[in-house]
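Asks: First, the structure itself, so that you have it in front of you.
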6 protein chains.
Amino acid sequence: MSERKSKRVSESRTVMTEMVMPNDTNPMGNLMGGNLLRWMDIASGICAGKHCEAHVVTASVDHVSFQKPIKVGDIVALEATVTRAFRTSVEIYVEVFANDIKGGNARRCNHAYYTFVGLADEGKPIPVPPVLPLTEIEQQRYDSAPRRREVRLILSGRIKPEEAKEIRSLFEGMS
Amino acid sequence: MSERKSKRVSESRTVMTEMVMPNDTNPMGNLMGGNLLRWMDIASGICAGKHCEAHVVTASVDHVSFQKPIKVGDIVALEATVTRAFRTSVEIYVEVFANDIKGGNARRCNHAYYTFVGLADEGKPIPVPPVLPLTEIEQQRYDSAPRRREVRLILSGRIKPEEAKEIRSLFEGMS
Amino acid sequence: MSERKSKRVSESRTVMTEMVMPNDTNPMGNLMGGNLLRWMDIASGICAGKHCEAHVVTASVDHVSFQKPIKVGDIVALEATVTRAFRTSVEIYVEVFANDIKGGNARRCNHAYYTFVGLADEGKPIPVPPVLPLTEIEQQRYDSAPRRREVRLILSGRIKPEEAKEIRSLFEGMS
Amino acid sequence: MSERKSKRVSESRTVMTEMVMPNDTNPMGNLMGGNLLRWMDIASGICAGKHCEAHVVTASVDHVSFQKPIKVGDIVALEATVTRAFRTSVEIYVEVFANDIKGGNARRCNHAYYTFVGLADEGKPIPVPPVLPLTEIEQQRYDSAPRRREVRLILSGRIKPEEAKEIRSLFEGMS
Amino acid sequence: MSERKSKRVSESRTVMTEMVMPNDTNPMGNLMGGNLLRWMDIASGICAGKHCEAHVVTASVDHVSFQKPIKVGDIVALEATVTRAFRTSVEIYVEVFANDIKGGNARRCNHAYYTFVGLADEGKPIPVPPVLPLTEIEQQRYDSAPRRREVRLILSGRIKPEEAKEIRSLFEGMS
Amino acid sequence: MSERKSKRVSESRTVMTEMVMPNDTNPMGNLMGGNLLRWMDIASGICAGKHCEAHVVTASVDHVSFQKPIKVGDIVALEATVTRAFRTSVEIYVEVFANDIKGGNARRCNHAYYTFVGLADEGKPIPVPPVLPLTEIEQQRYDSAPRRREVRLILSGRIKPEEAKEIRSLFEGMS
């Protein structure tokens, strides 16, 4: 398998803006969590496709919590950036901001890590280009990616907790 | 705050069936992960509303992984059941099954834990009824709920890892 | 044409749950009748596909009346079961229940009989498996199906009223 | 209750045109019956609202059969006209035509009778204006409306078959 | 290229009716301009396809202004007619009318000129039939079409203002 | 009427990204022009709302031409910026870019000028903040805005061609 050339984070950065419509909300007028998860998946998937230069499918989403309600008529901006590539997959960080229709009450609502697998046209996984982190925050997210990946492997049952070297180090000092 | 009467899991069990339409899929004809997350959120939310007898909003979704592709034209069945109630929130377990349009190739696709907060009509959190587990699997999910809750509190930054008693016990023997 | 093995009603029973969203309602906030007809068609069609183990197309819907209004935010549960198979078609009974978002005001709203034709992949009608009724209500719906079928054949102009043996017996005693 | 002035059929005639999109079709590329029922309900409801000069809700749809398939990309034209008014309800006749995107293969697909109840703003049924039939076909549909109404009252259980004077006359000569 | 037979305007006249649903409106309850532009494009495109007896793609829309607000629950009727054909394109005139759900407050809202290119099945532009104007207004729109076409060619940069013979004559008397 | 403080173009710049889904396309798999007009209206409207810090309604869209087809599965990015404010209205420039799902075949597809009117909560037009152009291209679009406005006033019949001072100067040298 040929080595692929590293790509910068900025090359695949994706911004998506949505207006919260009545059908996106529950009877109390709040954006339903599932609709936000869907928008995050689309923004992340477009970002992953650009980085991988390939079709991609969602492999997982990590824990997402919803704290600040988003109301009907609000404007939601999603920003997705690649953090790190593994052999045939990429991790995408997506952040959600909202403001009211007049541009007021701007706030950071939540964020999530999605992973995608790159696919060749016939549907087989393919190697994806490495990520070249440049800014401090890009480097931080790059460095912490293996730990998040270990959590995913445990949670999806593909490794056992005792095999999780990255995570154990977090708890070892405490026991 | 008055004590609320326990409710059985079967009282709020919710089954939802969806046919995968072209607009739900990516250009390779696979159901997009975000659409499945949205359906899981709706099924879980209806289940939570029935258990709480109240409006509910999504508080979080735990790690979800997608392993088996679901294709356009497939039938997706989602089954949501309450596992345990905390003071003003409930944890819902949702399981996803798919089969093709002719009822063939039946398979269990994935599952997730969503949490919801019960709200009074004016939008304030309210106490929710306890869950009364009856079957063995209901009891198992009830018993393991506090551990999942601790993970959520760590991941959303509301407690520190060293405060997580339930989880530490999983790692203590290993170090 | 080879004889096909009978199938039980429970093998294809289909439950679908929908939350009534703003776009599903008229300006008075009531679910529009046409949207309910569409949901009934989908639930029935999925049930018919499972029973026939084939693609199906809607052949007809019998008279449907709408008596109890369903409001925005209500939860609608549809339950579809096969009643009887004819040579290349099946009759499906679909029943509609609603409750408010808090699980209250539960009510049976209406019901309908849809018929579907089973199709082979190339689009030609194919023989469908017979239905094996087990419970008392399954047997009742099985026994009354030929009479409903006769009404359909008259109403779609494929037989003349004087050829309708099953129905005439209903009126004969009165004249 | 004051007498309302008669209105002509042409005053509320409603034409609706739809292009069949991928999400309107089943995996074989045929318009799903339920989507056509929904479009017929909307066209009929708009026609009923114009005739009644009031909000309306669907009260019933009579037997509908689907014979000619409509394909993705086809253009569907629906034409709805009022046939007769009863005290607080109107019967609407809706006819469906289709042709391919190039205007070819024009065909009459099917038709249905929908009934609607006129509602005052506070939601109570209100008297609706009588229909003044002018053309021969308008007169025919006006004259046959009471018979269809009787069938509906029987099928929805509001009268007993032996009370159905209009229908019995159809069968009396035969027994 | 063979000469094609002229067609009357009435042969492709297209009427489309839409009910304004909550998701079509902004938070003030007004139909969003972009949704009206979309409906106008669909009505015009269906009309162009009928006239050209071919697939068509939108080539342009001329200036559209929005003066009278259309509210949620209003009924919008669009009427599209062909005005003139050029070699491989047609100009369509589309007019928008609205009234409230009770048929009251009828008003002409706005209008636009869309142009479409006729395409053969393999996607290449094809000659389209000439238009045969019959009524006075059809003749007026036919005669003024070349002037509108010149404006389009200038605005899309395909001719220079000084090449626009039809338009210059409008300004020459004034300078 | 109080003077409002000037705002920079960058303060309201809005980026929107859409994936072209099957239902957005015609039977040849091309994004329908009307859907692009709708997305342009949403992106521009969000930008206008941010600049005006108010509700806005679409007042007009100038001539738009469609040259490069956009296919199902393509990614469309829209970028909207304010060019100039008039008393109670703003002009927004929106540019459309597309690339395929793998990030390839990047191209500038088209652009348009939309105008919006700022509205107070009770629906009356309100004064909007002036625009402060900084870059060369911002200054160019600012300077040419009055000419585009004059064209709009002529085309919507609010001024006569002979009153259009800005435009006449373009043609005067030629006659």
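By order of appearance in the structure tokens: chains A, B, ..., then residues from 1 within every chain, and ligands from 1 in the order shown.
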Write out as a PDB file with all heavy atoms, in the first residue's frame each polymer residue whose atoms come within 10 Å of Pro133 of chain D, counting only C-alpha atoms; drop sequence neighbours fewer than 2 positions from it.

Replies:
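Saved result, part38.pdb, follows:
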```
ATOM      1  N   SER D   6     -76.077  29.574  -2.891  1.00  0.00           N
ATOM      2  CA  SER D   6     -75.459  28.506  -3.679  1.00  0.00           C
ATOM      3  C   SER D   6     -74.218  29.009  -4.410  1.00  0.00           C
ATOM      4  O   SER D   6     -74.148  30.171  -4.808  1.00  0.00           O
ATOM      5  CB  SER D   6     -76.442  27.995  -4.749  1.00  0.00           C
ATOM      6  OG  SER D   6     -77.470  27.270  -4.141  1.00  0.00           O
ATOM      7  N   LYS D   7     -73.259  28.114  -4.600  1.00  0.00           N
ATOM      8  CA  LYS D   7     -72.043  28.472  -5.351  1.00  0.00           C
ATOM      9  C   LYS D   7     -71.826  27.477  -6.495  1.00  0.00           C
ATOM     10  O   LYS D   7     -72.113  26.294  -6.350  1.00  0.00           O
ATOM     11  CB  LYS D   7     -70.829  28.456  -4.417  1.00  0.00           C
ATOM     12  CG  LYS D   7     -70.884  29.555  -3.366  1.00  0.00           C
ATOM     13  CD  LYS D   7     -69.704  29.470  -2.397  1.00  0.00           C
ATOM     14  CE  LYS D   7     -68.392  29.824  -3.066  1.00  0.00           C
ATOM     15  NZ  LYS D   7     -67.275  29.833  -2.096  1.00  0.00           N
ATOM     16  N   ARG D   8     -71.286  27.972  -7.573  1.00  0.00           N
ATOM     17  CA  ARG D   8     -71.004  27.113  -8.718  1.00  0.00           C
ATOM     18  C   ARG D   8     -69.792  26.221  -8.452  1.00  0.00           C
ATOM     19  O   ARG D   8     -68.900  26.581  -7.676  1.00  0.00           O
ATOM     20  CB  ARG D   8     -70.686  27.960  -9.949  1.00  0.00           C
ATOM     21  CG  ARG D   8     -71.883  28.769 -10.365  1.00  0.00           C
ATOM     22  CD  ARG D   8     -71.502  29.748 -11.453  1.00  0.00           C
ATOM     23  NE  ARG D   8     -72.693  30.528 -11.754  1.00  0.00           N
ATOM     24  CZ  ARG D   8     -73.016  30.987 -12.943  1.00  0.00           C
ATOM     25  NH1 ARG D   8     -72.192  30.790 -13.967  1.00  0.00           N
ATOM     26  NH2 ARG D   8     -74.128  31.652 -13.120  1.00  0.00           N
ATOM     27  N   VAL D   9     -69.723  25.125  -9.152  1.00  0.00           N
ATOM     28  CA  VAL D   9     -68.594  24.195  -9.048  1.00  0.00           C
ATOM     29  C   VAL D   9     -67.298  24.867  -9.496  1.00  0.00           C
ATOM     30  O   VAL D   9     -66.236  24.699  -8.890  1.00  0.00           O
ATOM     31  CB  VAL D   9     -68.875  22.928  -9.903  1.00  0.00           C
ATOM     32  CG1 VAL D   9     -67.668  22.005  -9.918  1.00  0.00           C
ATOM     33  CG2 VAL D   9     -70.115  22.209  -9.378  1.00  0.00           C
ATOM     34  N   SER D  10     -67.395  25.685 -10.551  1.00  0.00           N
ATOM     35  CA  SER D  10     -66.190  26.298 -11.125  1.00  0.00           C
ATOM     36  C   SER D  10     -65.525  27.270 -10.152  1.00  0.00           C
ATOM     37  O   SER D  10     -64.326  27.535 -10.271  1.00  0.00           O
ATOM     38  CB  SER D  10     -66.539  27.027 -12.420  1.00  0.00           C
ATOM     39  OG  SER D  10     -67.503  28.020 -12.138  1.00  0.00           O
ATOM     40  N   VAL D  82     -66.014  20.303  -6.300  1.00  0.00           N
ATOM     41  CA  VAL D  82     -67.053  19.993  -5.323  1.00  0.00           C
ATOM     42  C   VAL D  82     -68.212  19.337  -6.077  1.00  0.00           C
ATOM     43  O   VAL D  82     -68.514  19.706  -7.209  1.00  0.00           O
ATOM     44  CB  VAL D  82     -67.492  21.275  -4.573  1.00  0.00           C
ATOM     45  CG1 VAL D  82     -68.141  22.284  -5.502  1.00  0.00           C
ATOM     46  CG2 VAL D  82     -68.414  20.940  -3.410  1.00  0.00           C
ATOM     47  N   THR D  83     -68.843  18.319  -5.464  1.00  0.00           N
ATOM     48  CA  THR D  83     -69.988  17.687  -6.121  1.00  0.00           C
ATOM     49  C   THR D  83     -71.306  18.082  -5.441  1.00  0.00           C
ATOM     50  O   THR D  83     -72.275  18.401  -6.103  1.00  0.00           O
ATOM     51  CB  THR D  83     -69.875  16.150  -6.067  1.00  0.00           C
ATOM     52  OG1 THR D  83     -69.886  15.752  -4.700  1.00  0.00           O
ATOM     53  CG2 THR D  83     -68.601  15.673  -6.745  1.00  0.00           C
ATOM     54  N   ARG D  84     -71.317  18.078  -4.117  1.00  0.00           N
ATOM     55  CA  ARG D  84     -72.565  18.394  -3.411  1.00  0.00           C
ATOM     56  C   ARG D  84     -72.246  18.754  -1.960  1.00  0.00           C
ATOM     57  O   ARG D  84     -71.309  18.216  -1.386  1.00  0.00           O
ATOM     58  CB  ARG D  84     -73.500  17.187  -3.435  1.00  0.00           C
ATOM     59  CG  ARG D  84     -74.868  17.495  -2.885  1.00  0.00           C
ATOM     60  CD  ARG D  84     -75.882  16.501  -3.362  1.00  0.00           C
ATOM     61  NE  ARG D  84     -77.217  16.830  -2.871  1.00  0.00           N
ATOM     62  CZ  ARG D  84     -78.327  16.315  -3.377  1.00  0.00           C
ATOM     63  NH1 ARG D  84     -78.267  15.444  -4.381  1.00  0.00           N
ATOM     64  NH2 ARG D  84     -79.496  16.659  -2.901  1.00  0.00           N
ATOM     65  N   PRO D 130     -74.737  25.578  -0.430  1.00  0.00           N
ATOM     66  CA  PRO D 130     -75.146  24.537  -1.367  1.00  0.00           C
ATOM     67  C   PRO D 130     -74.350  24.656  -2.672  1.00  0.00           C
ATOM     68  O   PRO D 130     -73.796  25.705  -2.990  1.00  0.00           O
ATOM     69  CB  PRO D 130     -76.629  24.843  -1.622  1.00  0.00           C
ATOM     70  CG  PRO D 130     -77.043  25.774  -0.540  1.00  0.00           C
ATOM     71  CD  PRO D 130     -75.817  26.506  -0.109  1.00  0.00           C
ATOM     72  N   VAL D 131     -74.309  23.550  -3.425  1.00  0.00           N
ATOM     73  CA  VAL D 131     -73.626  23.521  -4.722  1.00  0.00           C
ATOM     74  C   VAL D 131     -74.669  23.709  -5.821  1.00  0.00           C
ATOM     75  O   VAL D 131     -75.753  23.121  -5.765  1.00  0.00           O
ATOM     76  CB  VAL D 131     -72.902  22.163  -4.915  1.00  0.00           C
ATOM     77  CG1 VAL D 131     -72.365  22.029  -6.340  1.00  0.00           C
ATOM     78  CG2 VAL D 131     -71.790  22.016  -3.897  1.00  0.00           C
ATOM     79  N   THR D 135     -73.164  21.833 -15.524  1.00  0.00           N
ATOM     80  CA  THR D 135     -72.947  20.934 -16.665  1.00  0.00           C
ATOM     81  C   THR D 135     -73.597  19.574 -16.375  1.00  0.00           C
ATOM     82  O   THR D 135     -73.991  19.278 -15.244  1.00  0.00           O
ATOM     83  CB  THR D 135     -71.441  20.713 -16.901  1.00  0.00           C
ATOM     84  OG1 THR D 135     -70.929  19.939 -15.819  1.00  0.00           O
ATOM     85  CG2 THR D 135     -70.697  22.025 -16.994  1.00  0.00           C
ATOM     86  N   GLU D 136     -73.657  18.759 -17.424  1.00  0.00           N
ATOM     87  CA  GLU D 136     -74.287  17.446 -17.279  1.00  0.00           C
ATOM     88  C   GLU D 136     -73.535  16.578 -16.260  1.00  0.00           C
ATOM     89  O   GLU D 136     -74.144  15.946 -15.402  1.00  0.00           O
ATOM     90  CB  GLU D 136     -74.310  16.751 -18.644  1.00  0.00           C
ATOM     91  CG  GLU D 136     -75.193  15.517 -18.655  1.00  0.00           C
ATOM     92  CD  GLU D 136     -75.170  14.810 -20.012  1.00  0.00           C
ATOM     93  OE1 GLU D 136     -74.769  15.445 -21.011  1.00  0.00           O
ATOM     94  OE2 GLU D 136     -75.539  13.620 -20.043  1.00  0.00           O
ATOM     95  N   ILE D 137     -72.189  16.588 -16.353  1.00  0.00           N
ATOM     96  CA  ILE D 137     -71.417  15.746 -15.443  1.00  0.00           C
ATOM     97  C   ILE D 137     -71.513  16.270 -14.006  1.00  0.00           C
ATOM     98  O   ILE D 137     -71.560  15.478 -13.048  1.00  0.00           O
ATOM     99  CB  ILE D 137     -69.945  15.609 -15.919  1.00  0.00           C
ATOM    100  CG1 ILE D 137     -69.156  14.597 -15.075  1.00  0.00           C
ATOM    101  CG2 ILE D 137     -69.194  16.937 -15.894  1.00  0.00           C
ATOM    102  CD1 ILE D 137     -69.565  13.174 -15.332  1.00  0.00           C
ATOM    103  N   GLU D 138     -71.570  17.592 -13.844  1.00  0.00           N
ATOM    104  CA  GLU D 138     -71.764  18.151 -12.503  1.00  0.00           C
ATOM    105  C   GLU D 138     -73.110  17.694 -11.925  1.00  0.00           C
ATOM    106  O   GLU D 138     -73.219  17.372 -10.738  1.00  0.00           O
ATOM    107  CB  GLU D 138     -71.714  19.684 -12.540  1.00  0.00           C
ATOM    108  CG  GLU D 138     -70.304  20.251 -12.749  1.00  0.00           C
ATOM    109  CD  GLU D 138     -70.265  21.754 -13.008  1.00  0.00           C
ATOM    110  OE1 GLU D 138     -71.298  22.428 -12.753  1.00  0.00           O
ATOM    111  OE2 GLU D 138     -69.221  22.263 -13.459  1.00  0.00           O
ATOM    112  N   GLN D 139     -74.144  17.683 -12.778  1.00  0.00           N
ATOM    113  CA  GLN D 139     -75.480  17.258 -12.336  1.00  0.00           C
ATOM    114  C   GLN D 139     -75.478  15.775 -11.947  1.00  0.00           C
ATOM    115  O   GLN D 139     -76.048  15.389 -10.927  1.00  0.00           O
ATOM    116  CB  GLN D 139     -76.494  17.520 -13.443  1.00  0.00           C
ATOM    117  CG  GLN D 139     -77.943  17.254 -13.026  1.00  0.00           C
ATOM    118  CD  GLN D 139     -78.448  18.291 -12.026  1.00  0.00           C
ATOM    119  OE1 GLN D 139     -78.320  19.492 -12.235  1.00  0.00           O
ATOM    120  NE2 GLN D 139     -78.997  17.826 -10.891  1.00  0.00           N
ATOM    121  N   GLN D 140     -74.807  14.946 -12.763  1.00  0.00           N
ATOM    122  CA  GLN D 140     -74.721  13.506 -12.459  1.00  0.00           C
ATOM    123  C   GLN D 140     -74.080  13.255 -11.103  1.00  0.00           C
ATOM    124  O   GLN D 140     -74.562  12.456 -10.304  1.00  0.00           O
ATOM    125  CB  GLN D 140     -73.867  12.792 -13.509  1.00  0.00           C
ATOM    126  CG  GLN D 140     -74.602  12.375 -14.764  1.00  0.00           C
ATOM    127  CD  GLN D 140     -73.651  11.752 -15.782  1.00  0.00           C
ATOM    128  OE1 GLN D 140     -72.578  11.258 -15.413  1.00  0.00           O
ATOM    129  NE2 GLN D 140     -74.025  11.790 -17.048  1.00  0.00           N
ATOM    130  N   ARG D 141     -72.935  13.947 -10.867  1.00  0.00           N
ATOM    131  CA  ARG D 141     -72.236  13.719  -9.592  1.00  0.00           C
ATOM    132  C   ARG D 141     -73.049  14.259  -8.413  1.00  0.00           C
ATOM    133  O   ARG D 141     -72.993  13.711  -7.318  1.00  0.00           O
ATOM    134  CB  ARG D 141     -70.847  14.383  -9.623  1.00  0.00           C
ATOM    135  CG  ARG D 141     -69.864  13.615 -10.481  1.00  0.00           C
ATOM    136  CD  ARG D 141     -68.474  14.209 -10.510  1.00  0.00           C
ATOM    137  NE  ARG D 141     -67.720  13.635 -11.623  1.00  0.00           N
ATOM    138  CZ  ARG D 141     -66.899  14.300 -12.418  1.00  0.00           C
ATOM    139  NH1 ARG D 141     -66.696  15.597 -12.225  1.00  0.00           N
ATOM    140  NH2 ARG D 141     -66.270  13.699 -13.404  1.00  0.00           N
ATOM    141  N   TYR D 142     -73.805  15.333  -8.668  1.00  0.00           N
ATOM    142  CA  TYR D 142     -74.684  15.904  -7.639  1.00  0.00           C
ATOM    143  C   TYR D 142     -75.784  14.901  -7.290  1.00  0.00           C
ATOM    144  O   TYR D 142     -76.059  14.637  -6.112  1.00  0.00           O
ATOM    145  CB  TYR D 142     -75.283  17.206  -8.176  1.00  0.00           C
ATOM    146  CG  TYR D 142     -76.182  17.943  -7.224  1.00  0.00           C
ATOM    147  CD1 TYR D 142     -75.669  18.908  -6.365  1.00  0.00           C
ATOM    148  CD2 TYR D 142     -77.550  17.695  -7.190  1.00  0.00           C
ATOM    149  CE1 TYR D 142     -76.501  19.605  -5.494  1.00  0.00           C
ATOM    150  CE2 TYR D 142     -78.388  18.375  -6.318  1.00  0.00           C
ATOM    151  CZ  TYR D 142     -77.855  19.332  -5.465  1.00  0.00           C
ATOM    152  OH  TYR D 142     -78.672  20.007  -4.608  1.00  0.00           O
ATOM    153  N   ASP D 143     -76.377  14.313  -8.321  1.00  0.00           N
ATOM    154  CA  ASP D 143     -77.511  13.398  -8.107  1.00  0.00           C
ATOM    155  C   ASP D 143     -77.092  12.097  -7.416  1.00  0.00           C
ATOM    156  O   ASP D 143     -77.856  11.529  -6.648  1.00  0.00           O
ATOM    157  CB  ASP D 143     -78.183  13.063  -9.452  1.00  0.00           C
ATOM    158  CG  ASP D 143     -78.900  14.271 -10.044  1.00  0.00           C
ATOM    159  OD1 ASP D 143     -79.191  15.223  -9.290  1.00  0.00           O
ATOM    160  OD2 ASP D 143     -79.150  14.275 -11.268  1.00  0.00           O
TER     161      ASP D 143
END
```

Asks: Using only C-alpha atoms, which protein or nucleic acid residues come within 10 Å of segment 125-129 of chain C? Drop anything in the same chain fewer than 3 positions from it, and give the result as a PDB file with N, CA and C atoms, in the first residue's frame.

Replies:
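Once everything was written out, this is out33.pdb:
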```
ATOM      1  N   MET C   1     -48.083 -23.201 -11.117  1.00  0.00           N
ATOM      2  CA  MET C   1     -47.657 -22.342 -10.013  1.00  0.00           C
ATOM      3  C   MET C   1     -47.580 -23.160  -8.720  1.00  0.00           C
ATOM      4  N   SER C   2     -46.410 -23.153  -8.093  1.00  0.00           N
ATOM      5  CA  SER C   2     -46.234 -24.000  -6.906  1.00  0.00           C
ATOM      6  C   SER C   2     -47.006 -23.447  -5.708  1.00  0.00           C
ATOM      7  N   GLU C   3     -47.496 -24.375  -4.875  1.00  0.00           N
ATOM      8  CA  GLU C   3     -48.211 -24.015  -3.646  1.00  0.00           C
ATOM      9  C   GLU C   3     -47.223 -23.379  -2.656  1.00  0.00           C
ATOM     10  N   ARG C   4     -47.598 -22.285  -1.994  1.00  0.00           N
ATOM     11  CA  ARG C   4     -46.702 -21.699  -1.006  1.00  0.00           C
ATOM     12  C   ARG C   4     -47.164 -22.032   0.401  1.00  0.00           C
ATOM     13  N   LYS C   5     -46.220 -22.102   1.312  1.00  0.00           N
ATOM     14  CA  LYS C   5     -46.511 -22.479   2.696  1.00  0.00           C
ATOM     15  C   LYS C   5     -47.235 -21.353   3.440  1.00  0.00           C
ATOM     16  N   SER C   6     -48.260 -21.717   4.242  1.00  0.00           N
ATOM     17  CA  SER C   6     -49.009 -20.718   5.018  1.00  0.00           C
ATOM     18  C   SER C   6     -48.091 -20.013   6.019  1.00  0.00           C
ATOM     19  N   LYS C   7     -48.402 -18.762   6.301  1.00  0.00           N
ATOM     20  CA  LYS C   7     -47.644 -18.021   7.306  1.00  0.00           C
ATOM     21  C   LYS C   7     -48.588 -17.436   8.355  1.00  0.00           C
ATOM     22  N   ARG C   8     -48.099 -17.348   9.579  1.00  0.00           N
ATOM     23  CA  ARG C   8     -48.896 -16.783  10.664  1.00  0.00           C
ATOM     24  C   ARG C   8     -48.983 -15.261  10.549  1.00  0.00           C
ATOM     25  N   ALA C  48     -47.122  -6.037   4.345  1.00  0.00           N
ATOM     26  CA  ALA C  48     -47.406  -6.855   3.161  1.00  0.00           C
ATOM     27  C   ALA C  48     -46.119  -7.419   2.557  1.00  0.00           C
ATOM     28  N   HIS C  51     -44.972 -10.350   4.663  1.00  0.00           N
ATOM     29  CA  HIS C  51     -45.778 -11.549   4.475  1.00  0.00           C
ATOM     30  C   HIS C  51     -45.485 -12.190   3.108  1.00  0.00           C
ATOM     31  N   CYS C  52     -45.419 -11.344   2.071  1.00  0.00           N
ATOM     32  CA  CYS C  52     -45.250 -11.859   0.698  1.00  0.00           C
ATOM     33  C   CYS C  52     -43.791 -12.228   0.393  1.00  0.00           C
ATOM     34  N   GLU C  53     -42.868 -11.745   1.216  1.00  0.00           N
ATOM     35  CA  GLU C  53     -41.427 -11.906   0.934  1.00  0.00           C
ATOM     36  C   GLU C  53     -41.148 -11.457  -0.493  1.00  0.00           C
ATOM     37  N   ALA C  54     -41.667 -10.289  -0.821  1.00  0.00           N
ATOM     38  CA  ALA C  54     -41.580  -9.770  -2.194  1.00  0.00           C
ATOM     39  C   ALA C  54     -41.812  -8.263  -2.172  1.00  0.00           C
ATOM     40  N   HIS C  55     -41.465  -7.598  -3.283  1.00  0.00           N
ATOM     41  CA  HIS C  55     -41.896  -6.217  -3.469  1.00  0.00           C
ATOM     42  C   HIS C  55     -43.417  -6.203  -3.546  1.00  0.00           C
ATOM     43  N   VAL C  56     -44.032  -5.122  -3.080  1.00  0.00           N
ATOM     44  CA  VAL C  56     -45.495  -4.999  -3.176  1.00  0.00           C
ATOM     45  C   VAL C  56     -45.851  -3.596  -3.659  1.00  0.00           C
ATOM     46  N   VAL C  57     -47.000  -3.472  -4.317  1.00  0.00           N
ATOM     47  CA  VAL C  57     -47.543  -2.146  -4.652  1.00  0.00           C
ATOM     48  C   VAL C  57     -48.974  -2.070  -4.137  1.00  0.00           C
ATOM     49  N   ARG C  84     -55.780 -11.777   5.110  1.00  0.00           N
ATOM     50  CA  ARG C  84     -56.002 -12.909   4.215  1.00  0.00           C
ATOM     51  C   ARG C  84     -55.276 -12.664   2.906  1.00  0.00           C
ATOM     52  N   ALA C  85     -54.817 -13.742   2.301  1.00  0.00           N
ATOM     53  CA  ALA C  85     -54.169 -13.626   0.998  1.00  0.00           C
ATOM     54  C   ALA C  85     -55.109 -14.148  -0.068  1.00  0.00           C
ATOM     55  N   PHE C  86     -55.126 -13.497  -1.210  1.00  0.00           N
ATOM     56  CA  PHE C  86     -55.810 -14.042  -2.375  1.00  0.00           C
ATOM     57  C   PHE C  86     -54.697 -14.501  -3.314  1.00  0.00           C
ATOM     58  N   ARG C  87     -54.939 -14.728  -4.585  1.00  0.00           N
ATOM     59  CA  ARG C  87     -53.905 -15.368  -5.403  1.00  0.00           C
ATOM     60  C   ARG C  87     -52.579 -14.591  -5.421  1.00  0.00           C
ATOM     61  N   THR C  88     -52.643 -13.335  -5.891  1.00  0.00           N
ATOM     62  CA  THR C  88     -51.410 -12.529  -5.957  1.00  0.00           C
ATOM     63  C   THR C  88     -51.516 -11.279  -5.089  1.00  0.00           C
ATOM     64  N   SER C  89     -52.509 -11.251  -4.193  1.00  0.00           N
ATOM     65  CA  SER C  89     -52.676 -10.045  -3.379  1.00  0.00           C
ATOM     66  C   SER C  89     -52.925 -10.409  -1.918  1.00  0.00           C
ATOM     67  N   VAL C  90     -52.683  -9.416  -1.054  1.00  0.00           N
ATOM     68  CA  VAL C  90     -52.986  -9.596   0.373  1.00  0.00           C
ATOM     69  C   VAL C  90     -53.804  -8.422   0.868  1.00  0.00           C
ATOM     70  N   VAL C 117     -50.451  -5.906  -4.066  1.00  0.00           N
ATOM     71  CA  VAL C 117     -50.125  -6.986  -4.994  1.00  0.00           C
ATOM     72  C   VAL C 117     -48.641  -7.295  -4.850  1.00  0.00           C
ATOM     73  N   GLY C 118     -48.296  -8.572  -4.722  1.00  0.00           N
ATOM     74  CA  GLY C 118     -46.897  -8.989  -4.663  1.00  0.00           C
ATOM     75  C   GLY C 118     -46.283  -8.982  -6.053  1.00  0.00           C
ATOM     76  N   LEU C 119     -45.051  -8.491  -6.154  1.00  0.00           N
ATOM     77  CA  LEU C 119     -44.409  -8.399  -7.463  1.00  0.00           C
ATOM     78  C   LEU C 119     -43.051  -9.097  -7.453  1.00  0.00           C
ATOM     79  N   ALA C 120     -42.755  -9.817  -8.527  1.00  0.00           N
ATOM     80  CA  ALA C 120     -41.410 -10.357  -8.703  1.00  0.00           C
ATOM     81  C   ALA C 120     -40.477  -9.199  -9.059  1.00  0.00           C
ATOM     82  N   ASP C 121     -39.171  -9.468  -9.019  1.00  0.00           N
ATOM     83  CA  ASP C 121     -38.215  -8.382  -9.249  1.00  0.00           C
ATOM     84  C   ASP C 121     -38.422  -7.695 -10.591  1.00  0.00           C
ATOM     85  N   GLU C 122     -38.879  -8.450 -11.591  1.00  0.00           N
ATOM     86  CA  GLU C 122     -39.082  -7.824 -12.907  1.00  0.00           C
ATOM     87  C   GLU C 122     -40.436  -7.128 -13.026  1.00  0.00           C
ATOM     88  N   LEU C 132     -52.411 -18.027   7.846  1.00  0.00           N
ATOM     89  CA  LEU C 132     -52.891 -19.011   8.815  1.00  0.00           C
ATOM     90  C   LEU C 132     -53.426 -18.262  10.038  1.00  0.00           C
TER      91      LEU C 132
END
```

Asks: To test your reading of the structure, identify every residue in segment 19-120 of chain F that backbone DSSP assigns to strand (DSSP E), and report it as a PyMOL selection string.

Replies: chain F and resi 19+55-61+64-65+75-85+89-99+107-119
